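**Q** Supplied structure: protein09.txt, compact mmCIF, C-alpha atoms.
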# COMPACT_ATOMS: atom_id res chain seq x y z
CA MET A 282 9.11 -20.02 24.66
CA VAL A 283 12.31 -20.08 26.72
CA GLU A 284 12.36 -23.86 26.54
CA TRP A 285 11.95 -23.78 22.74
CA VAL A 286 14.87 -21.34 22.42
CA ARG A 287 17.03 -23.56 24.63
CA LYS A 288 16.32 -26.60 22.45
CA ASN A 289 16.73 -24.70 19.15
CA LYS A 290 19.76 -22.50 19.76
CA ALA A 291 21.07 -22.63 16.19
CA TRP A 292 17.63 -21.86 14.75
CA THR A 293 17.16 -18.98 17.17
CA ILE A 294 20.55 -17.53 16.27
CA ALA A 295 19.70 -17.75 12.56
CA ILE A 296 16.39 -15.92 13.10
CA VAL A 297 18.07 -13.20 15.19
CA LEU A 298 20.81 -12.69 12.60
CA ILE A 299 18.29 -12.36 9.76
CA PHE A 300 16.24 -9.97 11.87
CA MET A 301 19.32 -7.84 12.57
CA LEU A 302 20.22 -7.86 8.87
CA ALA A 303 16.72 -6.67 7.98
CA LEU A 304 16.89 -3.89 10.54
CA TRP A 305 20.33 -2.77 9.36
CA LEU A 306 19.19 -2.62 5.73
CA ARG A 307 16.15 -0.51 6.61
CA VAL A 308 18.10 1.87 8.84
CA ASP A 309 20.89 2.16 6.28
CA PHE A 310 18.32 2.94 3.59
CA LEU A 311 16.59 5.68 5.59
CA THR A 312 19.83 7.37 6.53
CA SER A 313 21.74 7.13 3.24
CA VAL A 314 19.33 8.51 0.62
CA LYS A 315 17.22 11.58 -0.07
CA HIS A 316 13.54 10.64 -0.02
CA ASN A 317 11.09 11.98 -2.58
CA ILE A 318 7.61 13.14 -1.58
CA SER A 319 4.86 11.82 -3.85
CA HIS A 320 1.79 13.86 -4.74
CA ASP A 321 -0.33 11.49 -2.61
CA SER A 322 1.91 12.20 0.38
CA LYS A 323 1.50 15.95 -0.17
CA TYR A 324 -2.28 15.56 -0.25
CA TYR A 325 -2.14 13.48 2.93
CA ASP A 326 -0.06 16.20 4.58
CA GLU A 327 -2.62 18.86 3.62
CA MET A 328 -5.39 16.57 4.84
CA VAL A 329 -3.80 16.04 8.26
CA HIS A 330 -3.19 19.77 8.76
CA ARG A 331 -6.80 20.48 7.77
CA LEU A 332 -8.01 17.87 10.25
CA LEU A 333 -5.84 19.22 13.08
CA ASP A 334 -6.43 22.93 12.38
CA GLU A 335 -10.06 22.95 11.28
CA GLY A 336 -11.44 19.59 12.35
CA ILE A 337 -12.40 18.80 8.74
CA TYR A 338 -11.72 15.34 7.28
CA ALA A 339 -11.25 16.03 3.58
CA TYR A 340 -8.88 14.75 0.89
CA LYS A 341 -8.02 17.17 -1.94
CA GLU A 342 -10.95 19.40 -0.94
CA GLU A 343 -11.85 22.00 1.68
CA VAL A 344 -15.20 20.42 2.55
CA PRO A 345 -15.76 17.06 4.28
CA ASN A 346 -15.57 14.02 2.02
CA ALA A 347 -14.88 10.29 2.07
CA ARG A 348 -12.51 10.05 -0.87
CA VAL A 349 -10.03 7.96 1.13
CA THR A 350 -10.50 5.60 4.04
CA PRO A 351 -9.41 6.98 7.42
CA GLY A 352 -6.83 4.41 8.54
CA TYR A 353 -3.65 5.97 7.23
CA PRO A 354 -4.68 9.63 7.66
CA LEU A 355 -5.49 8.95 11.33
CA PHE A 356 -2.18 7.11 11.73
CA MET A 357 -0.43 10.15 10.26
CA THR A 358 -2.42 12.47 12.53
CA GLY A 359 -1.19 10.55 15.56
CA MET A 360 2.38 10.79 14.29
CA TYR A 361 2.00 14.55 13.74
CA LEU A 362 0.84 14.99 17.33
CA VAL A 363 3.78 12.96 18.65
CA ALA A 364 6.22 14.83 16.40
CA ASP A 365 4.92 18.14 17.73
CA GLN A 366 5.34 16.99 21.32
CA ILE A 367 8.93 15.82 20.88
CA GLY A 368 9.96 18.63 18.49
CA VAL A 369 10.76 16.70 15.30
CA GLU A 370 9.51 16.77 11.71
CA PRO A 371 6.57 14.38 11.14
CA PHE A 372 7.70 12.71 7.90
CA PRO A 373 11.04 11.40 9.28
CA LEU A 374 9.20 10.17 12.39
CA ILE A 375 6.65 8.35 10.24
CA ARG A 376 9.45 6.67 8.29
CA TRP A 377 11.15 5.44 11.46
CA VAL A 378 7.88 4.13 12.88
CA GLN A 379 7.25 2.37 9.57
CA VAL A 380 10.61 0.62 9.95
CA LEU A 381 9.36 -0.82 13.24
CA ILE A 382 6.10 -1.83 11.57
CA SER A 383 8.08 -3.43 8.75
CA MET A 384 10.12 -5.46 11.24
CA ALA A 385 6.95 -6.70 12.94
CA THR A 386 5.61 -7.68 9.51
CA LEU A 387 8.63 -9.93 8.94
CA ILE A 388 7.78 -11.89 12.08
CA ILE A 389 4.20 -12.35 10.92
CA ILE A 390 5.40 -13.51 7.48
CA TYR A 391 7.46 -16.18 9.26
CA MET A 392 4.35 -17.21 11.23
CA ILE A 393 2.18 -17.39 8.10
CA ALA A 394 4.79 -19.52 6.34
CA MET A 395 4.75 -21.94 9.28
CA GLN A 396 0.96 -21.98 9.41
CA ALA A 397 0.56 -22.52 5.67
CA THR A 398 3.34 -25.01 4.92
CA ARG A 399 4.19 -26.51 8.35
CA ASN A 400 7.82 -26.46 7.28
CA LYS A 401 10.36 -24.47 9.30
CA TRP A 402 12.80 -24.38 6.38
CA VAL A 403 10.21 -22.73 4.17
CA ALA A 404 9.48 -20.27 6.98
CA ILE A 405 13.09 -19.22 7.50
CA VAL A 406 13.79 -18.93 3.76
CA ALA A 407 10.68 -16.76 3.34
CA PHE A 408 11.80 -14.75 6.37
CA PHE A 409 15.25 -14.20 4.83
CA ILE A 410 13.94 -13.25 1.37
CA SER A 411 11.42 -10.85 2.93
CA ALA A 412 14.25 -9.30 4.94
CA ILE A 413 16.28 -8.48 1.82
CA TYR A 414 13.47 -7.95 -0.72
CA HIS A 415 13.99 -4.37 -1.83
CA PRO A 416 10.38 -3.11 -2.04
CA PHE A 417 9.94 -4.06 1.63
CA ILE A 418 12.97 -1.83 2.34
CA TRP A 419 12.09 1.02 -0.01
CA ALA A 420 8.45 1.28 1.13
CA ASN A 421 9.55 2.51 4.55
CA GLY A 422 10.65 5.78 3.01
CA ALA A 423 7.24 6.43 1.46
CA VAL A 424 4.61 8.29 3.46
CA LEU A 425 1.96 6.08 1.89
CA THR A 426 -0.40 3.32 3.00
CA GLU A 427 1.71 0.34 1.89
CA THR A 428 3.77 -0.42 4.99
CA LEU A 429 0.85 -0.16 7.43
CA ALA A 430 -1.52 -1.99 5.08
CA LEU A 431 0.93 -4.86 4.63
CA PHE A 432 1.34 -5.27 8.40
CA LEU A 433 -2.41 -5.32 9.02
CA LEU A 434 -3.12 -7.66 6.09
CA MET A 435 -0.48 -10.14 7.25
CA ALA A 436 -1.80 -9.91 10.83
CA TYR A 437 -5.30 -10.64 9.55
CA LEU A 438 -4.20 -13.60 7.42
CA SER A 439 -2.20 -15.10 10.27
CA MET A 440 -5.16 -14.78 12.64
CA GLN A 441 -7.55 -16.12 10.01
CA LEU A 442 -5.38 -19.20 9.45
CA TYR A 443 -5.18 -19.63 13.22
CA ALA A 444 -8.97 -19.36 13.49
CA PHE A 445 -9.36 -22.02 10.79
CA ARG A 446 -7.12 -24.30 12.85
CA THR A 447 -8.72 -23.70 16.25
CA GLU A 448 -12.29 -23.12 14.97
CA ARG A 449 -12.87 -20.87 17.98
CA LYS A 450 -15.35 -18.00 17.83
CA ARG A 451 -13.01 -15.54 19.57
CA ASP A 452 -10.29 -16.18 16.99
CA ALA A 453 -12.78 -15.60 14.17
CA ALA A 454 -13.78 -12.37 15.92
CA LEU A 455 -10.17 -11.18 16.17
CA ALA A 456 -9.70 -11.97 12.49
CA GLY A 457 -12.71 -9.77 11.68
CA ILE A 458 -11.34 -6.87 13.73
CA LEU A 459 -7.94 -7.11 12.04
CA LEU A 460 -9.58 -7.26 8.61
CA GLY A 461 -11.65 -4.20 9.51
CA LEU A 462 -8.50 -2.29 10.42
CA THR A 463 -6.91 -3.43 7.16
CA VAL A 464 -9.88 -2.22 5.12
CA LEU A 465 -9.78 1.16 6.89
CA VAL A 466 -6.26 1.51 5.48
CA ARG A 467 -6.76 -0.14 2.07
CA ALA A 468 -10.37 -0.67 1.05
CA GLU A 469 -9.86 -3.35 -1.61
CA PHE A 470 -9.38 -6.12 0.96
CA LEU A 471 -12.99 -5.90 2.19
CA PRO A 472 -14.36 -9.04 0.44
CA ILE A 473 -11.35 -11.30 1.01
CA PHE A 474 -12.79 -13.24 3.97
CA VAL A 475 -15.76 -14.55 1.96
CA PRO A 476 -13.79 -16.75 -0.50
CA LEU A 477 -11.46 -17.81 2.32
CA TYR A 478 -14.39 -19.15 4.33
CA GLY A 479 -15.80 -20.73 1.17
CA VAL A 480 -12.60 -22.70 0.58
CA PHE A 481 -12.38 -23.54 4.29
CA LEU A 482 -15.89 -25.00 4.14
CA LEU A 483 -14.94 -27.18 1.17
CA GLN A 484 -11.77 -28.31 2.94
CA LYS A 485 -13.81 -29.31 5.98
CA TRP A 486 -16.42 -31.10 3.89
CA TYR A 487 -13.86 -33.11 1.95
CA LYS A 488 -11.17 -33.49 4.58
CA LYS A 489 -11.01 -37.24 4.02
CA LYS A 490 -9.39 -38.28 0.79
CA SER A 491 -12.41 -40.31 -0.22
CA GLY A 492 -14.64 -37.32 0.34
CA VAL A 493 -17.19 -39.50 2.13
CA GLN A 494 -19.33 -37.52 4.56
CA THR A 495 -22.95 -37.94 5.65
CA GLU A 496 -25.45 -35.19 4.92
CA VAL A 497 -25.89 -34.58 8.64
CA SER A 498 -22.20 -34.07 9.22
CA LYS A 499 -21.96 -31.77 6.22
CA TRP A 500 -24.83 -29.71 7.55
CA ALA A 501 -23.20 -29.50 10.98
CA ILE A 502 -19.92 -28.40 9.41
CA PHE A 503 -21.73 -25.84 7.30
CA LYS A 504 -23.44 -24.31 10.33
CA LYS A 505 -20.18 -24.09 12.27
CA VAL A 506 -18.24 -22.52 9.40
CA LEU A 507 -21.13 -20.18 8.64
CA LEU A 508 -21.22 -19.06 12.27
CA MET A 509 -17.48 -18.36 12.19
CA GLY A 510 -17.86 -16.43 8.95
CA VAL A 511 -20.76 -14.40 10.35
CA ILE A 512 -18.74 -13.58 13.47
CA THR A 513 -15.81 -12.42 11.33
CA GLY A 514 -18.14 -10.34 9.18
CA LEU A 515 -19.88 -8.78 12.19
CA CYS A 516 -16.57 -7.85 13.83
CA LEU A 517 -15.37 -6.43 10.53
CA SER A 518 -18.56 -4.35 10.38
CA ALA A 519 -18.23 -3.25 14.00
CA THR A 520 -14.69 -2.04 13.33
CA MET A 521 -15.85 0.00 10.33
CA LEU A 522 -19.05 1.24 12.00
CA PRO A 523 -17.60 4.57 13.25
CA TRP A 524 -16.52 5.37 9.67
CA TRP A 525 -19.97 4.55 8.33
CA ILE A 526 -21.68 6.65 11.01
CA ARG A 527 -19.35 9.58 10.31
CA ASN A 528 -20.22 9.47 6.60
CA VAL A 529 -23.96 9.39 7.25
CA VAL A 530 -23.76 12.23 9.77
CA SER A 531 -21.27 14.45 7.91
CA LEU A 532 -22.09 13.66 4.29
CA ASN A 533 -25.72 12.51 4.53
CA GLU A 534 -24.84 9.38 2.58
CA PHE A 535 -23.64 5.85 3.25
CA VAL A 536 -20.13 5.23 1.96
CA LEU A 537 -19.00 1.63 2.37
CA THR A 538 -15.26 2.27 2.04
CA ALA A 539 -14.28 5.33 -0.01
CA SER A 540 -15.97 7.44 -2.67
CA GLN A 541 -12.97 7.96 -4.95
CA SER A 542 -13.78 6.31 -8.31
CA ASN A 543 -10.94 7.61 -10.49
CA PRO A 544 -8.87 4.36 -10.29
CA PHE A 545 -11.85 2.50 -11.79
CA LYS A 546 -12.20 4.96 -14.67
CA ALA A 547 -8.43 5.13 -15.24
CA GLY A 548 -8.38 1.36 -15.59
CA THR A 549 -10.53 1.56 -18.74
CA TYR A 550 -7.71 3.10 -20.81
CA PRO A 551 -5.77 0.27 -22.54
CA ASN A 552 -2.02 0.57 -22.02
CA LYS A 553 -2.74 3.75 -20.02
CA ASP A 554 -3.31 5.73 -23.20
CA TYR A 555 -5.32 8.59 -21.70
CA THR A 556 -5.66 10.26 -25.11
CA ASP A 557 -8.14 7.53 -26.07
CA LYS A 558 -11.42 9.29 -26.97
CA ILE A 559 -13.64 6.26 -27.46
CA VAL A 560 -16.31 7.94 -25.29
CA ASP A 561 -17.29 11.61 -24.97
CA PRO A 562 -17.14 12.33 -21.20
CA THR A 563 -19.15 15.55 -21.40
CA GLY A 564 -21.82 15.70 -18.72
CA LEU A 565 -20.95 12.26 -17.29
CA THR A 566 -19.65 11.31 -13.85
CA GLN A 567 -16.42 9.31 -13.53
CA ASP A 568 -18.36 6.08 -12.92
CA GLU A 569 -20.60 6.75 -15.93
CA VAL A 570 -17.58 7.42 -18.12
CA ALA A 571 -15.95 4.20 -16.92
CA TRP A 572 -18.97 2.02 -17.67
CA ALA A 573 -19.50 3.72 -21.03
CA ARG A 574 -15.86 3.12 -21.94
CA ILE A 575 -16.05 -0.55 -20.92
CA LYS A 576 -19.19 -1.08 -22.99
CA ALA A 577 -17.78 0.73 -26.02
CA GLY A 578 -14.37 -0.89 -25.67
CA PHE A 579 -15.52 -4.49 -25.48
CA THR A 580 -17.94 -4.00 -28.41
CA GLN A 581 -15.85 -1.79 -30.70
CA GLN A 582 -12.28 -2.85 -29.81
CA THR A 583 -12.95 -6.28 -28.35
CA TRP A 584 -9.55 -7.94 -28.66
CA LYS A 585 -7.71 -4.83 -27.47
CA TYR A 586 -9.85 -4.64 -24.32
CA VAL A 587 -9.72 -8.39 -23.67
CA LYS A 588 -5.92 -8.27 -23.74
CA TRP A 589 -5.84 -5.17 -21.54
CA TYR A 590 -8.15 -6.61 -18.88
CA THR A 591 -6.11 -9.85 -18.70
CA VAL A 592 -2.43 -10.06 -19.61
CA GLY A 593 -2.05 -6.30 -20.08
CA LYS A 594 -2.98 -5.37 -16.52
CA LEU A 595 -1.23 -8.43 -15.09
CA LYS A 596 1.99 -7.35 -16.79
CA TYR A 597 1.70 -3.80 -15.46
CA THR A 598 0.92 -4.99 -11.95
CA TYR A 599 3.37 -7.81 -11.39
CA THR A 600 6.42 -7.52 -13.64
CA HIS A 601 7.98 -4.55 -11.85
CA MET A 602 8.77 -3.78 -8.22
CA PHE A 603 7.22 -1.07 -6.09
CA PHE A 604 9.80 1.70 -5.55
CA GLY A 605 8.04 3.57 -2.77
CA SER A 606 7.97 7.34 -3.33
CA GLY A 607 11.37 7.25 -4.97
CA HIS A 608 14.74 8.26 -3.58
CA ALA A 609 18.24 9.23 -4.67
CA PRO A 610 20.63 7.65 -5.11
CA LEU A 611 18.80 4.40 -5.79
CA TYR A 612 19.43 2.09 -2.84
CA HIS A 613 20.71 -1.38 -3.74
CA ALA A 614 21.74 -3.82 -1.02
CA TYR A 615 23.00 -6.15 -3.75
CA PRO A 616 23.21 -5.97 -7.57
CA LYS A 617 20.54 -7.07 -10.08
CA VAL A 618 17.74 -6.63 -7.55
CA ALA A 619 15.00 -6.84 -10.18
CA TYR A 620 16.00 -10.43 -11.01
CA LEU A 621 14.88 -11.66 -7.61
CA HIS A 622 11.45 -10.08 -8.07
CA VAL A 623 10.99 -11.56 -11.54
CA LEU A 624 12.20 -14.98 -10.35
CA ILE A 625 9.71 -14.95 -7.47
CA ILE A 626 6.78 -13.91 -9.67
CA TYR A 627 7.29 -16.45 -12.45
CA SER A 628 8.41 -19.33 -10.22
CA THR A 629 5.35 -18.95 -8.01
CA ILE A 630 3.14 -19.88 -10.96
CA ILE A 631 4.20 -23.52 -10.35
CA PRO A 632 2.98 -23.80 -6.71
CA LEU A 633 -0.13 -21.79 -7.59
CA LEU A 634 -1.04 -24.34 -10.24
CA ALA A 635 -0.10 -27.21 -7.92
CA LEU A 636 -2.44 -25.86 -5.25
CA ILE A 637 -5.38 -26.15 -7.64
CA TRP A 638 -4.80 -29.90 -7.38
CA ARG A 639 -3.89 -29.84 -3.68
CA TRP A 640 -6.61 -27.40 -2.69
CA ARG A 641 -7.11 -29.10 0.68
CA HIS A 642 -3.64 -28.01 1.79
CA PRO A 643 -3.52 -25.01 4.18
CA ALA A 644 -1.26 -23.18 1.72
CA ALA A 645 -4.21 -23.05 -0.69
CA MET A 646 -5.48 -20.11 1.37
CA LEU A 647 -2.48 -18.08 0.18
CA ALA A 648 -3.34 -18.95 -3.41
CA VAL A 649 -6.93 -17.86 -2.81
CA VAL A 650 -5.79 -14.44 -1.58
CA ILE A 651 -3.45 -13.99 -4.56
CA PHE A 652 -6.18 -15.03 -7.01
CA VAL A 653 -8.95 -12.91 -5.50
CA MET A 654 -6.79 -9.81 -5.11
CA THR A 655 -5.53 -10.23 -8.69
CA MET A 656 -9.12 -10.35 -9.97
CA ILE A 657 -9.91 -7.20 -7.99
CA ARG A 658 -6.80 -5.48 -9.36
CA LEU A 659 -7.92 -6.20 -12.93
CA VAL A 660 -10.93 -3.95 -12.38
CA PHE A 661 -8.85 -0.86 -11.58
CA VAL A 662 -5.90 0.99 -13.05
CA PRO A 663 -2.79 -1.22 -12.80
CA GLU A 664 0.13 0.09 -10.77
CA TYR A 665 3.34 -1.56 -9.59
CA ARG A 666 2.46 -0.63 -6.01
CA TYR A 667 -0.58 -2.93 -6.18
CA ASN A 668 1.61 -6.05 -6.14
CA PHE A 669 3.25 -4.96 -2.89
CA THR A 670 0.72 -6.29 -0.39
CA VAL A 671 0.56 -9.82 -1.85
CA MET A 672 4.30 -10.22 -2.38
CA PRO A 673 4.83 -11.95 1.02
CA LEU A 674 2.49 -14.70 -0.19
CA PHE A 675 4.43 -15.01 -3.45
CA ILE A 676 7.65 -15.20 -1.42
CA ILE A 677 6.26 -17.95 0.84
CA LEU A 678 5.10 -20.06 -2.10
CA PHE A 679 8.39 -19.41 -3.93
CA SER A 680 10.30 -20.56 -0.82
CA TRP A 681 8.09 -23.63 -0.57
CA LEU A 682 8.91 -24.54 -4.17
CA GLY A 683 12.63 -24.01 -3.58
CA ILE A 684 12.70 -26.18 -0.45
CA TYR A 685 10.64 -28.88 -2.19
CA ILE A 686 13.15 -29.01 -5.06
CA LEU A 687 16.13 -29.11 -2.70
CA GLN A 688 14.54 -31.91 -0.66
CA LYS A 689 13.94 -33.94 -3.81
CA ILE A 690 17.55 -33.42 -4.91
CA TRP A 691 18.82 -34.41 -1.45
CA ALA A 692 16.62 -37.53 -1.42
CA TYR A 693 17.93 -38.50 -4.86
CA ILE A 694 21.54 -38.08 -3.69
CA GLU A 695 20.85 -40.18 -0.60
CA ARG A 696 19.33 -42.96 -2.70
CA ARG A 697 22.38 -42.94 -4.99
CA LYS A 698 24.66 -43.26 -1.96
CA THR A 699 22.81 -46.27 -0.59
CA ALA A 700 22.40 -47.96 -3.98
Rewrite the structure of this file - the entire thing - as structure tokens.

**A**
Amino acid sequence: MVEWVRKNKAWTIAIVLIFMLALWLRVDFLTSVKHNISHDSKYYDEMVHRLLDEGIYAYKEEVPNARVTPGYPLFMTGMYLVADQIGVEPFPLIRWVQVLISMATLIIIYMIAMQATRNKWVAIVAFFISAIYHPFIWANGAVLTETLALFLLMAYLSMQLYAFRTERKRDAALAGILLGLTVLVRAEFLPIFVPLYGVFLLQKWYKKKSGVQTEVSKWAIFKKVLLMGVITGLCLSATMLPWWIRNVVSLNEFVLTASQSNPFKAGTYPNKDYTDKIVDPTGLTQDEVAWARIKAGFTQQTWKYVKWYTVGKLKYTYTHMFFGSGHAPLYHAYPKVAYLHVLIIYSTIIPLLALIWRWRHPAAMLAVVIFVMTMIRLVFVPEYRYNFTVMPLFIILFSWLGIYILQKIWAYIERRKTA
């Protein structure tokens, strides 16, 4: 490491300066605005006090439940205990700790960019954009899952890409543990490793351009990839096992992730028109209402529901930035901040389409995550906050496109000079 820094002094200085800029922006944000408290944060606060005072893990209720996964509530509980010991308010402490988590996430984004594109210019551009991208600044003020979930997801993806490169069992195991921790914070990431291993298997099978492989070698590759996938899945399960045991013991039922089903039902209302009475909910559970609405919607209002479950939800999810819990006055490090978000989203469509053709490239794994998570998002109610955790991948692919264009322009200029 020291030798690398000595040989790359200018690069090291650039990384340090960007890192310092990112830290300054986050500190300036926390100290210069009044932070709002969302209703979810208030429920988390009640939940933590109930857990500390009564030993009951319950969200929005007085009796034990599994409506939310335990990752963030336990993180908050730890912060409350520390805050009590040092004599400070817990919410400000959580925000400052989230700044540190956010800074660590920037380093991992740089690592993922290097792993996926093998281009240091792409990595440093993605690092810089992530440093100044406003939702990554604003989220630190929100006592919500986003900042911690983003860190764990990026840590998992980096380790998973590393495991694909080394093909070592211990790296696959670490990836499973990190994914388990991620799922305990945000449950929707549970299935993500399955398509990643599926694409990895195809990449290994057709590594040569001709695609020529013997059946024996394909079988050997399949067994090795399958073993890695099983190890990742087992370590994921082992990480979540205490949560599963708690649910069986305390609730007398098995809950895979969380029992809250309202986001699924809420997603069945086109354009979030909750006055829609296409189904009578009397006597039905939330899940039953949701399935009844989907059946009635796609049969009675087919085109309306098709649009809602495709472009409608995509528009809601991706066209606006996540603002955290809100704050005043609105913090802008530079003007027209929304333009950067829109530019990233729409420009990334180009590399996403290109990676369908170049699916053997390591960066295809980023496209797989974006695609799979987008499909999962289409099932539930669309919210701007749901684009937050995949935005680093959009930023990396956007940076890749930008560097590719600049390199082509530079090559063209060089050819004109020598002509």

**Q** My list of candidates is A:Leu471, A:Val380, A:Leu311, A:Ala539. Which is closest to Pro351 (chain A) when distances are computed with only C-alpha atoms?

**A**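 Result for the nearest residue to Pro351 (chain A): A:Ala539.
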
**Q** Would you work out the distance separating CA of Ser518 (chain A) from CA of Val530 (chain A), expressed in Å to one decimal?

**A** 17.4 Å

**Q** Hey, which of A:Met656, A:Ala609, A:Ile410, A:Met328 ends up closest to Ile625 (chain A)? Count all atoms listed in the file.

**A**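 Answer, going by the shortest atom-to-atom distance: A:Ile410.
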
**Q** Please compute the CA of Asn543 (chain A)-CA of Glu327 (chain A) distance, one decimal, in Å.

**A** 19.9 Å

**Q** Pick the closest to Gly461 (chain A) from A:Cys516, A:Val662, A:Val349, A:Ala412: which is it, counting all atoms listed in the file?

**A**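 When distances to Gly461 (chain A) are compared using all atoms listed in the file, the smallest one comes from A:Cys516.
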
**Q** One number please: CA of Ala635 (chain A) to CA of Tyr685 (chain A), in Å, one decimal.

**A**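 We find that CA of Ala635 (chain A) and CA of Tyr685 (chain A) lie 12.3 Å from each other.
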
**Q** Between A:Pro371, A:Ile690, A:Ile393, A:Val424, which residue has the minimum interatomic distance to Lys323 (chain A), considering only C-alpha atoms?

**A**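 Distance minimum relative to Lys323 (chain A) lands on A:Val424.
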
**Q** Skipping near chain neighbours, those fewer than 4 positions away, what residues fall within 9 Å of region 519-523 of chain A using all atoms listed in the file, listed as a ChimeraX atom specification?

**A** /A:457-462,464-465,514-515,527-528,537-538

**Q** Limited to C-alpha atoms, could you put the picked residues into a file as a PDB file, keeping the file's coordinate frame?

**A**
ATOM      1  CA  GLY A 457     -12.710  -9.770  11.680  1.00  0.00           C
ATOM      2  CA  ILE A 458     -11.340  -6.870  13.730  1.00  0.00           C
ATOM      3  CA  LEU A 459      -7.940  -7.110  12.040  1.00  0.00           C
ATOM      4  CA  LEU A 460      -9.580  -7.260   8.610  1.00  0.00           C
ATOM      5  CA  GLY A 461     -11.650  -4.200   9.510  1.00  0.00           C
ATOM      6  CA  LEU A 462      -8.500  -2.290  10.420  1.00  0.00           C
ATOM      7  CA  VAL A 464      -9.880  -2.220   5.120  1.00  0.00           C
ATOM      8  CA  LEU A 465      -9.780   1.160   6.890  1.00  0.00           C
ATOM      9  CA  GLY A 514     -18.140 -10.340   9.180  1.00  0.00           C
ATOM     10  CA  LEU A 515     -19.880  -8.780  12.190  1.00  0.00           C
ATOM     11  CA  ARG A 527     -19.350   9.580  10.310  1.00  0.00           C
ATOM     12  CA  ASN A 528     -20.220   9.470   6.600  1.00  0.00           C
ATOM     13  CA  LEU A 537     -19.000   1.630   2.370  1.00  0.00           C
ATOM     14  CA  THR A 538     -15.260   2.270   2.040  1.00  0.00           C
TER      15      THR A 538
END
